[in-house]
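Note: the block below is input-v3.txt and it holds compact mmCIF, C-alpha atoms and all ligand atoms.
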# COMPACT_ATOMS: atom_id res chain seq x y z
CA MET A 1 -15.89 19.33 -2.27
CA ILE A 2 -12.28 18.59 -3.26
CA PRO A 3 -12.00 14.83 -2.56
CA VAL A 4 -8.98 13.08 -1.04
CA SER A 5 -8.99 10.57 -3.85
CA GLU A 6 -10.99 9.41 -6.85
CA PRO A 7 -10.37 6.90 -9.64
CA PHE A 8 -9.06 8.32 -12.92
CA LEU A 9 -10.46 6.15 -15.74
CA SER A 10 -9.09 8.26 -18.56
CA GLY A 11 -7.73 5.60 -20.91
CA LYS A 12 -9.06 2.49 -22.63
CA GLU A 13 -10.93 1.10 -19.60
CA LEU A 14 -14.36 1.21 -21.29
CA GLU A 15 -13.04 -0.22 -24.55
CA TYR A 16 -11.43 -3.24 -22.83
CA VAL A 17 -14.41 -3.87 -20.51
CA THR A 18 -16.72 -3.71 -23.52
CA ASP A 19 -14.50 -6.29 -25.22
CA CYS A 20 -14.98 -8.64 -22.23
CA ILE A 21 -18.74 -8.32 -22.46
CA LYS A 22 -18.98 -8.61 -26.23
CA THR A 23 -16.80 -11.72 -26.25
CA ASN A 24 -18.55 -13.24 -23.18
CA TRP A 25 -15.28 -13.57 -21.16
CA ILE A 26 -16.45 -11.94 -17.95
CA SER A 27 -15.23 -14.37 -15.29
CA SER A 28 -11.73 -15.20 -14.12
CA ILE A 29 -10.55 -16.86 -17.34
CA GLY A 30 -9.63 -14.57 -20.22
CA LYS A 31 -6.78 -12.81 -21.95
CA TYR A 32 -6.79 -9.69 -19.77
CA VAL A 33 -5.94 -11.56 -16.55
CA ARG A 34 -2.66 -12.96 -17.90
CA ASN A 35 -1.93 -9.73 -19.78
CA PHE A 36 -2.40 -7.66 -16.60
CA GLU A 37 -0.06 -10.00 -14.69
CA ASP A 38 2.61 -9.82 -17.43
CA VAL A 39 2.45 -6.04 -17.67
CA PHE A 40 2.54 -5.65 -13.91
CA ALA A 41 5.55 -7.98 -13.50
CA ARG A 42 7.41 -5.92 -16.12
CA PHE A 43 6.41 -2.68 -14.35
CA CYS A 44 7.89 -3.93 -11.06
CA GLY A 45 10.88 -5.69 -12.58
CA THR A 46 9.99 -9.17 -11.31
CA SER A 47 9.79 -12.38 -13.31
CA CYS A 48 6.35 -13.35 -11.92
CA ALA A 49 3.10 -11.65 -10.94
CA VAL A 50 -0.05 -13.36 -9.66
CA SER A 51 -3.33 -11.45 -9.55
CA ALA A 52 -5.87 -11.80 -6.74
CA SER A 53 -9.33 -10.55 -5.86
CA SER A 54 -8.01 -7.88 -3.45
CA GLY A 55 -4.83 -6.62 -1.85
CA THR A 56 -5.82 -8.39 1.35
CA ALA A 57 -6.30 -11.69 -0.51
CA ALA A 58 -2.91 -11.16 -2.17
CA LEU A 59 -1.29 -10.60 1.25
CA HIS A 60 -2.91 -13.77 2.57
CA LEU A 61 -1.77 -15.79 -0.46
CA ALA A 62 1.77 -14.39 -0.25
CA LEU A 63 2.04 -15.34 3.43
CA LEU A 64 0.68 -18.83 2.74
CA ALA A 65 3.04 -19.26 -0.21
CA LEU A 66 5.92 -18.36 2.13
CA ASP A 67 4.65 -21.08 4.46
CA ILE A 68 3.60 -18.81 7.33
CA LYS A 69 1.46 -20.87 9.69
CA ALA A 70 0.03 -21.23 13.19
CA GLY A 71 2.52 -20.36 15.90
CA ASP A 72 4.72 -18.24 13.61
CA GLU A 73 5.44 -14.56 14.18
CA VAL A 74 5.57 -11.90 11.48
CA ILE A 75 7.29 -8.62 12.27
CA MET A 76 5.63 -5.50 10.85
CA PRO A 77 5.27 -1.76 11.46
CA ASP A 78 2.78 -0.52 14.06
CA LEU A 79 1.56 2.18 11.67
CA THR A 80 -0.24 0.72 8.65
CA PHE A 81 -3.68 -0.14 7.34
CA VAL A 82 -5.23 -2.94 9.40
CA ALA A 83 -5.27 -5.44 6.50
CA SER A 84 -1.48 -5.95 6.77
CA ALA A 85 -1.92 -7.45 10.24
CA ASN A 86 -5.23 -9.22 9.55
CA ALA A 87 -3.64 -11.27 6.77
CA VAL A 88 -1.11 -12.61 9.30
CA LEU A 89 -3.95 -13.53 11.64
CA TYR A 90 -5.74 -15.41 8.80
CA CYS A 91 -2.69 -17.74 8.69
CA GLY A 92 -3.00 -18.44 12.41
CA ALA A 93 0.25 -16.53 12.92
CA ARG A 94 0.87 -13.53 15.18
CA PRO A 95 1.77 -10.03 14.00
CA VAL A 96 4.54 -8.45 16.10
CA PHE A 97 4.60 -4.68 15.86
CA VAL A 98 7.69 -2.50 15.62
CA ASP A 99 7.66 1.27 16.05
CA VAL A 100 8.20 3.42 12.97
CA ASP A 101 10.95 5.86 12.08
CA GLU A 102 10.05 9.51 12.61
CA LYS A 103 11.76 10.54 9.36
CA THR A 104 10.35 8.01 6.86
CA TRP A 105 7.18 7.04 8.82
CA ASN A 106 8.07 3.41 7.93
CA ILE A 107 9.27 0.48 10.07
CA ASP A 108 12.37 1.48 12.04
CA PRO A 109 15.06 -1.08 11.13
CA GLU A 110 16.98 -0.30 14.32
CA LYS A 111 14.07 -1.59 16.40
CA ILE A 112 13.51 -4.84 14.49
CA GLU A 113 16.15 -7.08 16.05
CA ALA A 114 14.84 -6.58 19.59
CA CYS A 115 11.54 -8.14 18.42
CA ILE A 116 13.01 -11.27 16.85
CA THR A 117 12.27 -14.53 18.70
CA GLU A 118 12.68 -18.19 17.78
CA ARG A 119 9.15 -18.05 16.33
CA SER A 120 9.91 -15.17 13.93
CA ARG A 121 9.52 -16.24 10.32
CA ALA A 122 9.13 -13.08 8.28
CA ILE A 123 9.33 -9.30 8.20
CA MET A 124 6.45 -7.56 6.44
CA VAL A 125 7.45 -4.01 5.52
CA VAL A 126 4.85 -1.45 4.42
CA HIS A 127 5.80 1.39 2.07
CA LEU A 128 3.49 3.87 3.79
CA TYR A 129 1.65 6.47 1.69
CA GLY A 130 4.01 5.79 -1.24
CA HIS A 131 7.42 6.14 0.44
CA PRO A 132 9.79 3.13 0.28
CA CYS A 133 11.16 1.56 3.46
CA ASP A 134 14.88 1.37 4.17
CA MET A 135 15.14 -1.95 2.36
CA ASP A 136 18.94 -2.39 2.58
CA ALA A 137 18.74 -2.39 6.37
CA VAL A 138 15.70 -4.70 6.42
CA MET A 139 17.20 -7.20 3.95
CA LYS A 140 20.43 -7.37 5.99
CA ILE A 141 18.53 -8.16 9.19
CA ALA A 142 16.40 -10.73 7.37
CA GLU A 143 19.48 -12.46 5.97
CA ARG A 144 21.22 -12.50 9.34
CA HIS A 145 18.20 -14.15 11.01
CA ASN A 146 16.99 -16.26 8.09
CA LEU A 147 13.65 -14.46 7.82
CA LYS A 148 11.48 -14.00 4.71
CA VAL A 149 10.60 -10.48 3.58
CA ILE A 150 7.18 -9.48 2.29
CA GLU A 151 6.71 -5.96 0.95
CA ASP A 152 3.19 -4.62 1.44
CA ALA A 153 3.38 -2.19 -1.47
CA ALA A 154 -0.40 -1.63 -1.61
CA GLN A 155 0.19 2.14 -1.39
CA ALA A 156 3.35 2.44 -3.44
CA HIS A 157 2.99 1.23 -7.05
CA GLY A 158 6.12 2.36 -8.90
CA ALA A 159 7.98 3.78 -5.88
CA GLU A 160 11.73 3.25 -6.14
CA TYR A 161 14.44 2.27 -3.69
CA GLY A 162 17.81 2.75 -5.32
CA LYS A 163 17.43 1.35 -8.81
CA LYS A 164 14.64 -1.05 -7.88
CA ARG A 165 10.91 -0.65 -7.77
CA VAL A 166 9.17 -1.71 -4.58
CA GLY A 167 7.71 -5.19 -4.74
CA SER A 168 10.89 -6.52 -6.39
CA ILE A 169 13.24 -6.43 -3.38
CA GLY A 170 11.85 -8.87 -0.79
CA ASP A 171 10.77 -12.48 -1.36
CA ALA A 172 7.33 -11.25 -2.42
CA GLY A 173 5.58 -7.93 -2.99
CA VAL A 174 1.86 -7.26 -2.60
CA PHE A 175 -0.23 -4.58 -4.29
CA SER A 176 -3.86 -3.42 -4.02
CA PHE A 177 -6.06 -2.06 -6.80
CA TYR A 178 -8.86 -0.77 -4.58
CA GLY A 179 -10.65 2.33 -5.88
CA ASN A 180 -8.43 4.83 -4.07
CA LYS A 181 -5.09 3.22 -4.94
CA LEU A 182 -2.63 4.56 -7.52
CA ILE A 183 -3.81 1.98 -10.08
CA THR A 184 -7.34 0.64 -9.65
CA THR A 185 -9.48 -2.24 -10.88
CA GLY A 186 -12.35 -1.43 -8.48
CA GLU A 187 -11.22 -4.28 -6.24
CA GLY A 188 -8.13 -6.33 -6.91
CA GLY A 189 -4.61 -7.24 -5.87
CA MET A 190 -1.30 -8.65 -7.11
CA ILE A 191 1.66 -10.63 -5.78
CA THR A 192 5.05 -9.97 -7.38
CA THR A 193 8.02 -12.29 -6.97
CA ASP A 194 11.12 -13.64 -8.69
CA SER A 195 10.42 -17.09 -7.27
CA PRO A 196 8.48 -19.40 -9.63
CA ASP A 197 7.75 -21.61 -6.59
CA ILE A 198 6.08 -18.81 -4.63
CA ALA A 199 4.11 -17.76 -7.73
CA GLU A 200 3.05 -21.35 -8.41
CA LYS A 201 1.88 -21.90 -4.83
CA ALA A 202 -0.05 -18.63 -4.81
CA ARG A 203 -1.75 -19.57 -8.10
CA LEU A 204 -2.70 -22.97 -6.73
CA LEU A 205 -4.17 -21.61 -3.47
CA ARG A 206 -5.96 -18.80 -5.34
CA ASP A 207 -7.97 -21.35 -7.29
CA HIS A 208 -9.25 -23.81 -4.64
CA ALA A 209 -5.89 -25.63 -4.71
CA MET A 210 -7.26 -27.74 -7.53
CA SER A 211 -4.77 -30.27 -8.92
CA LYS A 212 -3.49 -29.34 -12.37
CA THR A 213 -3.51 -32.91 -13.55
CA ARG A 214 -6.57 -34.31 -11.79
CA ARG A 215 -9.75 -32.30 -12.02
CA TYR A 216 -11.59 -31.83 -8.67
CA TRP A 217 -8.67 -33.26 -6.74
CA HIS A 218 -7.42 -31.01 -3.91
CA ASP A 219 -4.41 -31.72 -1.68
CA LEU A 220 -4.94 -28.57 0.37
CA PRO A 221 -7.82 -26.35 1.47
CA GLY A 222 -7.56 -23.56 -1.09
CA TYR A 223 -9.43 -20.30 -1.60
CA ASN A 224 -11.31 -18.48 -4.31
CA TYR A 225 -9.19 -15.34 -4.53
CA ARG A 226 -9.38 -14.88 -8.32
CA LEU A 227 -9.51 -11.57 -10.18
CA THR A 228 -12.07 -11.37 -13.00
CA ASN A 229 -11.25 -10.68 -16.65
CA ILE A 230 -13.39 -7.51 -16.40
CA GLN A 231 -11.33 -6.22 -13.47
CA ALA A 232 -8.11 -7.18 -15.26
CA ALA A 233 -9.33 -5.31 -18.38
CA ILE A 234 -9.57 -2.15 -16.28
CA GLY A 235 -6.14 -2.95 -14.87
CA VAL A 236 -4.53 -3.29 -18.31
CA ALA A 237 -5.94 0.11 -19.30
CA GLN A 238 -4.75 1.62 -16.00
CA MET A 239 -1.24 0.23 -16.48
CA GLU A 240 -1.01 2.04 -19.83
CA GLN A 241 -1.25 5.24 -17.75
CA ALA A 242 0.73 4.17 -14.68
CA ASP A 243 3.84 6.20 -15.39
CA ASP A 244 1.70 9.26 -16.19
CA PHE A 245 -0.16 8.86 -12.88
CA ILE A 246 3.13 8.69 -10.99
CA GLY A 247 4.34 11.82 -12.80
CA ILE A 248 1.13 13.65 -11.85
CA LYS A 249 1.40 12.56 -8.20
CA ARG A 250 4.99 13.77 -8.02
CA ARG A 251 4.22 17.09 -9.72
CA ASN A 252 1.30 17.64 -7.37
CA ALA A 253 3.54 16.88 -4.38
CA ALA A 254 6.17 19.32 -5.61
CA LEU A 255 3.53 22.06 -5.88
CA TYR A 256 2.17 21.27 -2.41
CA ASN A 257 5.72 21.27 -1.00
CA SER A 258 6.50 24.67 -2.53
CA LEU A 259 3.29 26.22 -1.16
CA LEU A 260 3.51 24.68 2.34
CA ARG A 261 7.27 24.74 2.90
CA ASP A 262 7.39 28.12 4.65
CA MET A 263 4.32 27.61 6.81
CA ASP A 264 5.21 27.19 10.50
CA GLY A 265 3.76 24.21 12.30
CA ILE A 266 3.67 21.88 9.33
CA THR A 267 5.99 18.97 8.55
CA LEU A 268 6.17 17.96 4.89
CA PRO A 269 6.19 14.33 3.70
CA PRO A 270 9.53 12.48 3.54
CA GLU A 271 11.66 11.61 0.57
CA ALA A 272 14.80 9.87 1.81
CA ASP A 273 18.07 9.59 -0.13
CA ARG A 274 17.94 7.03 -2.94
CA CYS A 275 14.15 6.87 -2.60
CA LYS A 276 11.44 7.90 -5.03
CA ASN A 277 8.20 8.60 -3.20
CA VAL A 278 5.09 8.23 -5.39
CA TYR A 279 3.00 10.26 -2.90
CA TRP A 280 -0.02 7.94 -3.09
CA MET A 281 -1.42 10.19 -0.36
CA TYR A 282 0.18 13.60 -0.04
CA SER A 283 0.48 13.74 3.75
CA ILE A 284 1.58 16.36 6.27
CA LEU A 285 1.93 16.55 10.04
CA ILE A 286 0.16 19.29 11.98
CA GLU A 287 2.73 20.10 14.68
CA ASP A 288 1.83 21.38 18.13
CA ASP A 289 3.00 24.93 17.27
CA PHE A 290 0.49 25.16 14.39
CA GLY A 291 -1.97 26.50 16.97
CA LEU A 292 -4.81 24.06 16.22
CA SER A 293 -5.02 20.32 16.62
CA ARG A 294 -5.04 18.01 13.61
CA ASP A 295 -8.74 17.25 14.16
CA GLU A 296 -9.63 20.95 14.35
CA VAL A 297 -7.74 21.60 11.12
CA MET A 298 -9.61 18.76 9.40
CA ALA A 299 -12.99 20.06 10.62
CA ARG A 300 -12.29 23.61 9.37
CA LEU A 301 -11.06 22.37 6.01
CA LYS A 302 -14.21 20.31 5.68
CA ASP A 303 -16.31 23.46 6.23
CA MET A 304 -14.33 25.03 3.38
CA GLY A 305 -15.14 22.14 1.02
CA ILE A 306 -11.86 20.26 1.41
CA ASP A 307 -11.90 16.56 2.21
CA THR A 308 -9.00 15.12 4.23
CA ARG A 309 -8.25 11.90 6.14
CA PRO A 310 -6.47 11.25 9.39
CA PHE A 311 -3.51 8.85 9.53
CA PHE A 312 -4.22 5.27 10.55
CA TYR A 313 -4.55 4.40 14.22
CA PRO A 314 -1.45 2.53 15.39
CA LEU A 315 -2.34 -1.17 15.28
CA HIS A 316 -1.48 -1.68 18.97
CA ARG A 317 -4.38 0.70 19.77
CA LEU A 318 -6.99 -1.54 18.09
CA PRO A 319 -8.87 -3.95 20.39
CA MET A 320 -7.79 -7.17 18.65
CA TYR A 321 -4.13 -6.16 18.60
CA SER A 322 -3.94 -4.23 21.87
CA SER A 323 -0.62 -4.43 23.62
CA ASP A 324 1.17 -2.81 26.53
CA ALA A 325 4.33 -2.22 24.54
CA GLU A 326 5.06 1.40 23.70
CA TYR A 327 5.18 2.86 20.23
CA PRO A 328 5.75 6.57 20.78
CA VAL A 329 6.58 7.50 17.18
CA ALA A 330 3.55 5.70 15.70
CA ASP A 331 1.33 7.33 18.34
CA GLU A 332 2.67 10.78 17.55
CA LEU A 333 2.44 10.45 13.77
CA SER A 334 -1.06 9.04 14.09
CA ARG A 335 -2.10 12.03 16.20
CA LYS A 336 -0.59 14.64 13.86
CA GLY A 337 -0.94 13.18 10.36
CA ILE A 338 -3.37 14.26 7.64
CA ASN A 339 -3.79 12.99 4.08
CA LEU A 340 -4.58 16.01 1.89
CA PRO A 341 -6.44 15.76 -1.45
CA SER A 342 -4.18 13.56 -3.57
CA SER A 343 -6.22 12.53 -6.60
CA THR A 344 -4.57 12.38 -10.02
CA LYS A 345 -7.54 14.48 -11.17
CA LEU A 346 -6.52 17.48 -9.00
CA THR A 347 -5.76 20.72 -10.79
CA ASP A 348 -3.04 23.18 -9.77
CA SER A 349 -5.84 25.51 -8.81
CA ASP A 350 -7.30 22.86 -6.44
CA ILE A 351 -3.90 22.49 -4.76
CA LYS A 352 -3.57 26.26 -4.39
CA THR A 353 -7.08 26.36 -2.89
CA VAL A 354 -6.14 23.68 -0.34
CA CYS A 355 -2.92 25.44 0.67
CA ALA A 356 -4.62 28.84 0.92
CA ALA A 357 -7.29 27.24 3.13
CA ILE A 358 -4.63 25.77 5.44
CA ALA A 359 -2.94 29.18 5.66
CA SER A 360 -6.22 30.94 6.46
CA VAL A 361 -7.17 28.36 9.12
CA ARG A 362 -3.81 28.96 10.74
CA ASP A 363 -3.80 32.77 10.47
CA LYS A 364 -7.31 33.13 11.88
CA ASN A 365 -6.12 31.35 14.94
CA ARG A 366 -3.07 33.54 15.61
C1 LIG B 401 -5.27 -0.96 0.72
C2 LIG B 401 -4.28 -1.70 1.55
C3 LIG B 401 -4.37 -3.09 1.76
C4 LIG B 401 -5.55 -3.91 1.36
O1 LIG B 401 -5.91 -3.87 0.05
P1 LIG B 401 -7.42 -4.20 -0.39
O2 LIG B 401 -7.31 -4.26 -1.88
O3 LIG B 401 -8.28 -3.09 0.09
O4 LIG B 401 -7.79 -5.51 0.22
C5 LIG B 401 -3.34 -3.72 2.44
N1 LIG B 401 -2.31 -3.02 2.94
C6 LIG B 401 -2.21 -1.70 2.80
C7 LIG B 401 -1.03 -1.00 3.37
C8 LIG B 401 -3.20 -0.99 2.12
O5 LIG B 401 -3.12 0.34 2.02
Spit out the file's structure as structure tokens when you get a sec.
Amino acid sequence: MIPVSEPFLSGKELEYVTDCIKTNWISSIGKYVRNFEDVFARFCGTSCAVSASSGTAALHLALLALDIKAGDEVIMPDLTFVASANAVLYCGARPVFVDVDEKTWNIDPEKIEACITERSRAIMVVHLYGHPCDMDAVMKIAERHNLKVIEDAAQAHGAEYGKKRVGSIGDAGVFSFYGNKLITTGEGGMITTDSPDIAEKARLLRDHAMSKTRRYWHDLPGYNYRLTNIQAAIGVAQMEQADDFIGIKRRNAALYNSLLRDMDGITLPPEADRCKNVYWMYSILIEDDFGLSRDEVMARLKDMGIDTRPFFYPLHRLPMYSSDAEYPVADELSRKGINLPSSTKLTDSDIKTVCAAIASVRDKNR
């Protein structure tokens, strides 16, 4: 089976983890935690980075640090992983969904302003599958309406918008290091920001909101959202390879693009002007003139030993977020989209096998 994704632990992961165990620093205090944060801040081009136990925890902390609370509304795309919206719910706030753009698959800036109310406090963009959002347009709207901007960059480590890396453009960026993400620590997350205040508040809440000057004194109900030194050790080793991983992802995408470009019925993934897509998941759309539905294509590929994933369900289709509003673009992308094998471990021969399989599935049906 050619998997959609697998971790690539090809560097000093074992050496650094062994160091944690030999020196007894296995919990959330230790040199790797701070080192990972420093390296990650430099990677993104922000002055601060705060690690967390998961991407979801990092999202929750970022929202809390931006003072999102009960009664507030946070505007976000309808097409994303569910954790983006859940984190808003954890704050007692309400996620408000906006349809996505059919070209970039990300939040459609032209549809944001219609969703702004007097309760709106923030816009959470999501750089879906590794492609940056139209941040100039989003930042302009946010400025005009005095809204905060959170970038959910959990799928887009190292992606670039203009001269900036994602996670360094809004008030705060959030990353995940789950096993299938571009950089992994098994489980883990990070908040990036240029605001020492946001970083400080996130650090406080991450660690039970314990007073720095008075042990076991707590002004707020905090959380235990800490990353361990062992996880951070893996993260430091992964960061030594981050630029290589991005290079591999982009080379793999270029090969996929060249092999799929002339196939009717397939739409290739976007790369907008001034954007660098890191192709976390190399994704295509199976159009209606392909001859088979997306689900049929996935089933046949599976029989041929090729693992794929469908796009996310639009959030407004999930029971806890169900709404009568219409999101035609998110619905259509969700119906047509497939994530193809995207691991950094893929060989050129794997990619050729996948593309040949797609061609044969299509030809057999003509
Ligand atoms: C993976 C992901 C998350 C959550 O990260 P975890 O580390 O799994 O908690 C949040 N948002 C998006 C867009 C993601 O892809």
**Test item: residues at most 12 Å from Tyr16 in chain A, all atoms listed in the file, excluding those fewer than 5 positions along its chain, as a list in words** =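 Listing them by chain and then by number gives Leu9, Gly11, Ile21, Lys22, Thr23, Trp25, Ile26, Gly30, Lys31, Tyr32, Val33, Asn35, Phe36, Asn229, Ile230, Gln231, Ala232, Ala233, Ile234, Gly235, Val236, Ala237 and Gln238 of chain A.
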Serialized selection, C-alpha atoms, as a short mmCIF file (atom, residue, chain, number, x, y, z; two decimals), keeping the file's coordinate frame:
data_model
loop_
_atom_site.label_atom_id
_atom_site.label_comp_id
_atom_site.auth_asym_id
_atom_site.auth_seq_id
_atom_site.Cartn_x
_atom_site.Cartn_y
_atom_site.Cartn_z
CA LEU A 9 -10.46 6.15 -15.74
CA GLY A 11 -7.73 5.60 -20.91
CA ILE A 21 -18.74 -8.32 -22.46
CA LYS A 22 -18.98 -8.61 -26.23
CA THR A 23 -16.80 -11.72 -26.25
CA TRP A 25 -15.28 -13.57 -21.16
CA ILE A 26 -16.45 -11.94 -17.95
CA GLY A 30 -9.63 -14.57 -20.22
CA LYS A 31 -6.78 -12.81 -21.95
CA TYR A 32 -6.79 -9.69 -19.77
CA VAL A 33 -5.94 -11.56 -16.55
CA ASN A 35 -1.93 -9.73 -19.78
CA PHE A 36 -2.40 -7.66 -16.60
CA ASN A 229 -11.25 -10.68 -16.65
CA ILE A 230 -13.39 -7.51 -16.40
CA GLN A 231 -11.33 -6.22 -13.47
CA ALA A 232 -8.11 -7.18 -15.26
CA ALA A 233 -9.33 -5.31 -18.38
CA ILE A 234 -9.57 -2.15 -16.28
CA GLY A 235 -6.14 -2.95 -14.87
CA VAL A 236 -4.53 -3.29 -18.31
CA ALA A 237 -5.94 0.11 -19.30
CA GLN A 238 -4.75 1.62 -16.00
#
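With all atoms listed in the file as the atoms that count, the minimum distance from Gly305 in chain A to the choices A:Ala65, A:Tyr256, A:Val4, A:Ser342 is reached by A:Val4.
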**Asked** Given the choices A:Asn252, A:Thr193, A:Ser168, A:Thr56, which gets closest to ligand LIG 401 (chain B) if the distance is worked out from only C-alpha atoms and all ligand atoms?
**Response** A:Thr56
Contacts of chain A with ligand LIG 401 (chain B) up to 7 Å, shortest pair per row, all atoms listed in the file, as CSV:
residue,atom,partner,partner_atom,distance
A:Ser54,CA,B:LIG401,O2,4.0
A:Gly55,CA,B:LIG401,O2,3.4
A:Thr56,CA,B:LIG401,O4,3.7
A:Ala57,CA,B:LIG401,O4,6.4
A:Thr80,CA,B:LIG401,C7,5.6
A:Phe81,CA,B:LIG401,C7,4.9
A:Ala83,CA,B:LIG401,C5,4.8
A:Ser84,CA,B:LIG401,N1,4.9
A:Val126,CA,B:LIG401,C7,6.0
A:Leu128,CA,B:LIG401,C7,6.7
A:Asp152,CA,B:LIG401,C7,5.9
A:Ala153,CA,B:LIG401,C7,6.7
A:Ala154,CA,B:LIG401,C8,4.7
A:Gln155,CA,B:LIG401,O5,5.1
A:Ser176,CA,B:LIG401,O2,4.1
A:Phe177,CA,B:LIG401,O2,5.5
A:Tyr178,CA,B:LIG401,O2,4.7
A:Glu187,CA,B:LIG401,O2,5.9
A:Gly188,CA,B:LIG401,O2,5.5
A:Gly189,CA,B:LIG401,O2,5.7
**Item:** Atomic distance CA of Ala49 in chain A - CA of Glu37 in chain A, expressed in Å with one decimal
**Value:** 5.2 Å
Write out as a tab-separated table (two decimals) with C-alpha atoms, in the frame of the given file which residues come within 12 Å of Ser10 in chain A when counting all atoms listed in the file, dropping same-chain ones fewer than 5 positions away.
chain	number	residue	atom	x	y	z
A	15	GLU	CA	-13.04	-0.22	-24.55
A	183	ILE	CA	-3.81	1.98	-10.08
A	184	THR	CA	-7.34	0.64	-9.65
A	234	ILE	CA	-9.57	-2.15	-16.28
A	237	ALA	CA	-5.94	0.11	-19.30
A	238	GLN	CA	-4.75	1.62	-16.00
A	239	MET	CA	-1.24	0.23	-16.48
A	240	GLU	CA	-1.01	2.04	-19.83
A	241	GLN	CA	-1.25	5.24	-17.75
A	242	ALA	CA	0.73	4.17	-14.68
A	244	ASP	CA	1.70	9.26	-16.19
A	245	PHE	CA	-0.16	8.86	-12.88
A	344	THR	CA	-4.57	12.38	-10.02
A	345	LYS	CA	-7.54	14.48	-11.17
**Message:** If I take CA of His208 in chain A and CA of Tyr90 in chain A, how far is one from the other in Å, to one decimal?
**Reply:** 16.2 Å
**Request:** Go ahead and compute the interatomic distance for CA of Tyr327 in chain A and CA of Leu79 in chain A, in Å to one decimal.
**Result:**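 Those two atoms sit 9.3 Å apart.
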**Asked** If you count only C-alpha atoms, which residues fall within 12 Å of Asp197 in chain A, apart from same-chain ones fewer than 6 positions away, as a VMD selection string?
**Response** chain A and resid 47 to 50 62 65 to 67 171 to 172 203 to 204
